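Coordinates as given in model17.cif (mmCIF, C-alpha atoms):
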data_coords
#
loop_
_atom_site.group_PDB
_atom_site.id
_atom_site.type_symbol
_atom_site.label_atom_id
_atom_site.label_comp_id
_atom_site.auth_asym_id
_atom_site.auth_seq_id
_atom_site.Cartn_x
_atom_site.Cartn_y
_atom_site.Cartn_z
ATOM 1 C CA MET A 1 0.000 0.000 0.000
ATOM 2 C CA GLN A 2 1.166 3.550 -0.702
ATOM 3 C CA CYS A 3 1.125 6.561 1.631
ATOM 4 C CA GLU A 4 -1.681 8.899 0.579
ATOM 5 C CA ILE A 5 0.480 11.961 1.246
ATOM 6 C CA CYS A 6 3.994 11.224 -0.036
ATOM 7 C CA GLY A 7 3.299 8.129 -2.134
ATOM 8 C CA ALA A 8 6.020 6.014 -0.477
ATOM 9 C CA GLU A 9 5.445 2.279 -0.157
ATOM 10 C CA ILE A 10 4.181 1.379 3.358
ATOM 11 C CA ARG A 11 5.719 -1.923 4.493
ATOM 12 C CA GLU A 12 4.070 -2.170 7.910
ATOM 13 C CA LYS A 13 0.504 -1.338 8.916
ATOM 14 C CA PRO A 14 -0.582 2.160 7.681
ATOM 15 C CA ILE A 15 -1.538 4.833 10.217
ATOM 16 C CA SER A 16 -4.982 6.453 9.919
ATOM 17 C CA VAL A 17 -4.895 10.230 10.393
ATOM 18 C CA THR A 18 -7.361 13.063 9.805
ATOM 19 C CA ILE A 19 -6.276 16.091 7.784
ATOM 20 C CA ASP A 20 -8.876 18.762 6.964
ATOM 21 C CA ASN A 21 -11.740 16.404 7.861
ATOM 22 C CA SER A 22 -10.402 13.730 5.501
ATOM 23 C CA GLU A 23 -9.257 10.365 6.739
ATOM 24 C CA LEU A 24 -5.969 9.252 5.121
ATOM 25 C CA GLN A 25 -3.787 6.113 5.324
ATOM 26 C CA VAL A 26 -0.208 7.386 5.732
ATOM 27 C CA CYS A 27 3.332 6.195 6.498
ATOM 28 C CA PRO A 28 4.993 6.836 9.911
ATOM 29 C CA LYS A 29 6.939 9.824 8.421
ATOM 30 C CA CYS A 30 3.719 11.640 7.344
ATOM 31 C CA ALA A 31 1.671 10.736 10.436
ATOM 32 C CA PRO A 32 2.681 13.902 12.397
ATOM 33 C CA TYR A 33 0.935 16.062 9.726
ATOM 34 C CA GLY A 34 -2.509 14.933 10.883
ATOM 35 C CA LYS A 35 -4.445 13.947 13.972
ATOM 36 C CA PRO A 36 -4.716 10.238 14.784
ATOM 37 C CA VAL A 37 -8.164 8.818 14.009
ATOM 38 C CA ASP A 38 -10.028 7.553 17.043
ATOM 39 C CA LYS A 39 -11.228 3.997 16.876
ATOM 40 C CA ARG A 40 -14.977 4.325 16.604
ATOM 41 C CA THR A 41 -17.892 2.339 15.396
ATOM 42 C CA PRO A 42 -20.272 3.897 12.898
ATOM 43 C CA VAL A 43 -23.637 4.943 14.308
ATOM 44 C CA SER A 44 -26.810 4.286 12.391
ATOM 45 C CA ARG A 45 -28.327 7.458 10.940
ATOM 46 C CA LYS A 46 -31.864 6.097 11.143
ATOM 47 C CA VAL A 47 -34.168 8.181 13.262
ATOM 48 C CA SER A 48 -36.779 6.276 15.151
ATOM 49 C CA PRO A 49 -40.213 7.889 15.124
ATOM 50 C CA VAL A 50 -41.295 9.488 18.372
ATOM 51 C CA VAL A 51 -44.655 8.203 19.499
ATOM 52 C CA ARG A 52 -46.600 10.644 21.631
ATOM 53 C CA THR A 53 -49.342 9.286 23.778
ATOM 54 C CA VAL A 54 -52.078 11.645 24.858
ATOM 55 C CA SER A 55 -53.345 11.099 28.352
ATOM 56 C CA ARG A 56 -57.055 11.237 28.965
ATOM 57 C CA THR A 57 -56.582 14.032 31.461
ATOM 58 C CA GLU A 58 -54.989 16.268 28.815
ATOM 59 C CA LYS A 59 -57.630 18.687 27.597
ATOM 60 C CA ARG A 60 -58.086 19.705 24.014
ATOM 61 C CA PRO A 61 -57.911 23.427 23.335
ATOM 62 C CA LYS A 62 -61.309 25.073 23.259
ATOM 63 C CA LYS A 63 -62.535 26.200 19.868
ATOM 64 C CA ASP A 64 -62.305 29.881 19.351
ATOM 65 C CA PHE A 65 -65.273 31.786 17.945
ATOM 66 C CA PHE A 66 -63.230 32.654 14.872
ATOM 67 C CA ASP A 67 -62.680 28.960 14.104
ATOM 68 C CA ILE A 68 -66.362 28.837 13.206
ATOM 69 C CA LEU A 69 -65.851 31.584 10.625
ATOM 70 C CA LYS A 70 -63.971 30.731 7.474
ATOM 71 C CA ASP A 71 -63.101 32.284 4.152
ATOM 72 C CA GLU A 72 -64.872 30.671 1.247
ATOM 73 C CA LEU A 73 -63.818 31.056 -2.384
ATOM 74 C CA LEU A 74 -66.393 32.850 -4.497
ATOM 75 C CA ASP A 75 -68.178 30.744 -7.108
ATOM 76 C CA ASN A 76 -67.232 33.025 -10.000
ATOM 77 C CA TYR A 77 -63.537 33.385 -9.038
ATOM 78 C CA ASP A 78 -62.466 32.507 -12.576
ATOM 79 C CA GLN A 79 -64.485 35.341 -14.130
ATOM 80 C CA ILE A 80 -63.291 37.835 -11.485
ATOM 81 C CA ILE A 81 -59.644 36.991 -12.228
ATOM 82 C CA ARG A 82 -60.121 37.148 -15.996
ATOM 83 C CA ASP A 83 -61.984 40.489 -15.827
ATOM 84 C CA ALA A 84 -59.378 42.055 -13.512
ATOM 85 C CA ARG A 85 -56.526 40.832 -15.725
ATOM 86 C CA ASP A 86 -58.230 42.212 -18.846
ATOM 87 C CA ALA A 87 -58.907 45.524 -17.075
ATOM 88 C CA LYS A 88 -55.170 45.907 -16.428
ATOM 89 C CA GLY A 89 -54.419 44.921 -20.027
ATOM 90 C CA TRP A 90 -52.236 41.977 -18.969
ATOM 91 C CA SER A 91 -51.841 38.719 -20.846
ATOM 92 C CA LEU A 92 -51.720 35.390 -19.033
ATOM 93 C CA GLU A 93 -47.932 35.501 -19.266
ATOM 94 C CA ASP A 94 -47.774 39.032 -17.827
ATOM 95 C CA LEU A 95 -49.864 38.039 -14.819
ATOM 96 C CA ALA A 96 -47.892 34.837 -14.334
ATOM 97 C CA GLU A 97 -44.613 36.756 -14.406
ATOM 98 C CA ASN A 98 -45.990 39.331 -11.993
ATOM 99 C CA ILE A 99 -46.996 36.730 -9.361
ATOM 100 C CA LYS A 100 -44.081 34.397 -10.168
ATOM 101 C CA GLU A 101 -46.235 31.428 -11.186
ATOM 102 C CA LYS A 102 -46.604 29.507 -14.452
ATOM 103 C CA ALA A 103 -48.930 30.798 -17.157
ATOM 104 C CA SER A 104 -50.450 27.316 -17.460
ATOM 105 C CA LEU A 105 -51.531 27.534 -13.820
ATOM 106 C CA ILE A 106 -53.287 30.853 -14.422
ATOM 107 C CA ARG A 107 -54.935 29.416 -17.546
ATOM 108 C CA LYS A 108 -56.293 26.432 -15.586
ATOM 109 C CA ILE A 109 -57.566 28.704 -12.803
ATOM 110 C CA GLU A 110 -59.342 30.954 -15.313
ATOM 111 C CA ARG A 111 -60.971 27.881 -16.906
ATOM 112 C CA SER A 112 -62.093 26.628 -13.448
ATOM 113 C CA GLU A 113 -60.108 23.438 -14.023
ATOM 114 C CA ILE A 114 -58.385 23.877 -10.674
ATOM 115 C CA VAL A 115 -59.044 25.841 -7.508
ATOM 116 C CA PRO A 116 -56.154 28.135 -6.560
ATOM 117 C CA GLU A 117 -54.231 27.286 -3.407
ATOM 118 C CA GLU A 118 -54.272 29.886 -0.665
ATOM 119 C CA SER A 119 -50.786 31.197 -1.501
ATOM 120 C CA VAL A 120 -51.668 31.631 -5.187
ATOM 121 C CA ARG A 121 -55.039 33.149 -4.277
ATOM 122 C CA LYS A 122 -53.333 35.761 -2.101
ATOM 123 C CA LYS A 123 -50.857 36.595 -4.872
ATOM 124 C CA LEU A 124 -53.715 37.012 -7.353
ATOM 125 C CA GLU A 125 -55.713 39.194 -4.956
ATOM 126 C CA HIS A 126 -52.691 41.401 -4.318
ATOM 127 C CA ALA A 127 -51.553 41.714 -7.948
ATOM 128 C CA LEU A 128 -55.025 42.327 -9.394
ATOM 129 C CA ASN A 129 -56.408 44.246 -6.377
ATOM 130 C CA ILE A 130 -59.450 41.954 -6.103
ATOM 131 C CA LYS A 131 -61.179 39.878 -3.417
ATOM 132 C CA LEU A 132 -61.787 36.188 -4.179
ATOM 133 C CA THR A 133 -63.201 35.074 -0.830
ATOM 134 C CA GLU A 134 -66.101 35.888 1.420
ATOM 135 C CA ARG A 135 -66.376 35.343 5.150
ATOM 136 C CA THR A 136 -68.970 32.718 6.061
ATOM 137 C CA ASP A 137 -70.036 31.004 9.278
ATOM 138 C CA ALA A 138 -70.253 27.247 9.874
ATOM 139 C CA ALA A 139 -73.790 27.115 8.442
ATOM 140 C CA GLY A 140 -72.628 28.650 5.155
ATOM 141 C CA GLN A 141 -74.319 32.008 5.804
ATOM 142 C CA GLU A 142 -72.420 35.108 4.771
ATOM 143 C CA VAL A 143 -71.245 37.090 7.771
ATOM 144 C CA SER A 144 -72.049 40.759 7.692
ATOM 145 C CA HIS A 145 -70.448 43.317 9.957
ATOM 146 C CA MET A 146 -73.559 45.482 9.659
ATOM 147 C CA ARG A 147 -76.209 43.506 11.541
ATOM 148 C CA LYS A 148 -79.722 44.831 11.297
ATOM 149 C CA ASP A 149 -81.266 42.916 14.219
ATOM 150 C CA THR A 150 -80.985 44.081 17.813
ATOM 151 C CA THR A 151 -78.359 42.493 20.027
ATOM 152 C CA LEU A 152 -77.988 42.363 23.796
ATOM 153 C CA GLY A 153 -75.201 44.921 23.525
ATOM 154 C CA ASP A 154 -77.655 47.406 21.987
ATOM 155 C CA ILE A 155 -79.974 47.122 25.000
ATOM 156 C CA VAL A 156 -77.734 46.723 28.036
ATOM 157 C CA LYS A 157 -75.600 49.510 29.422
ATOM 158 C CA ILE A 158 -72.735 48.348 31.608
ATOM 159 C CA LYS A 159 -72.175 50.329 34.769
ATOM 160 C CA ARG A 160 -68.667 50.346 36.205
ATOM 161 C CA LYS A 161 -67.718 51.645 39.650
#

What would you get if you wrote out this structure as C-alpha cells?
Amino acid sequence: MQCEICGAEIREKPISVTIDNSELQVCPKCAPYGKPVDKRTPVSRKVSPVVRTVSRTEKRPKKDFFDILKDELLDNYDQIIRDARDAKGWSLEDLAENIKEKASLIRKIERSEIVPEESVRKKLEHALNIKLTERTDAAGQEVSHMRKDTTLGDIVKIKRK
C-alpha cells in the first residue's frame, strides 16, 4: 500500500490520520501532519419515530369563535380573475410573471379546471387588487359586519364603579 500523502510504499501497517476532515492512510513519516483517528464504530443514521401518547386528562384546546368563521372562495372566481386581468391589459404571461407562477396555472384557474391554493389566491388578490373570498359562518351564511337585528349589547348599558 502507498502513503496517501507522499506516495512512499508502506511496508508495515498504515496509520490512519485526519487532515482537513479527511481520513488518510499514511506512512509513519507523514503521520505527524494529521491527527490520529479515534477507533470508533459507525452509528446508524436512522431516526426512530417518536410516538406521543395523549393522556385522557390532557384537555383539548377550546374552539375559538373565529374557528367557526372561514373564508370561502367565491363561485365566480375565474371570471373575477379574468376580468381584472383584462382591465389591467395583462396577458396570461404578464400576470404569471408578476406573481411568479406559471402561465399554465393561471390558464387552468381561469378555466375553473383547478381551484387556486391559498398562496396563489393571495398573490392574485394582491396583484389584481381583487377579493376572491367571502367570510362565512359554519352554516354557510355570509357574515355581515352590519347587523340589522338588535343584540344584547344594543340594550344593556354596563355600569362600572

Where does the PyMOL selection byres ((chain A and resi 27-36) around 7) land in this file, that is, which residues does it pick, as a ChimeraX atom specification?
/A:3,5,10,14-19,26,37-38

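Shortest atom-to-atom contact with Asn76 (chain A) among A:Ile109, A:Ile155, A:Ala127, A:Ala8: A:Ile109, counting all atoms listed in the file.
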
Is it possible to get the axis-aligned box enclosing region 23-37 of chain A (all listed atoms, 3 Å extra per side) as lines of an AutoDock Vina configuration file, with centre and edge lengths in Å rounded to one decimal?
center_x = -1.2
center_y = 11.1
center_z = 10.0
size_x = 22.2
size_y = 15.9
size_z = 15.7

Report, in Å to a single decimal, how far apart CA of Leu24 (chain A) and CA of Arg11 (chain A) are.
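According to the coordinates, CA of Arg11 (chain A) and CA of Leu24 (chain A) are separated by 16.2 Å.
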
Residues matched by the PyMOL selection byres ((chain A and resi 79-94) around 7), written as a list in words
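That selection, the PyMOL selection byres ((chain A and resi 79-94) around 7), comes back as Asn76, Tyr77, Asp78, Leu95, Ala96, Glu97, Asn98, Ala103, Ile106, Arg107, Glu110 and Leu128 of chain A.
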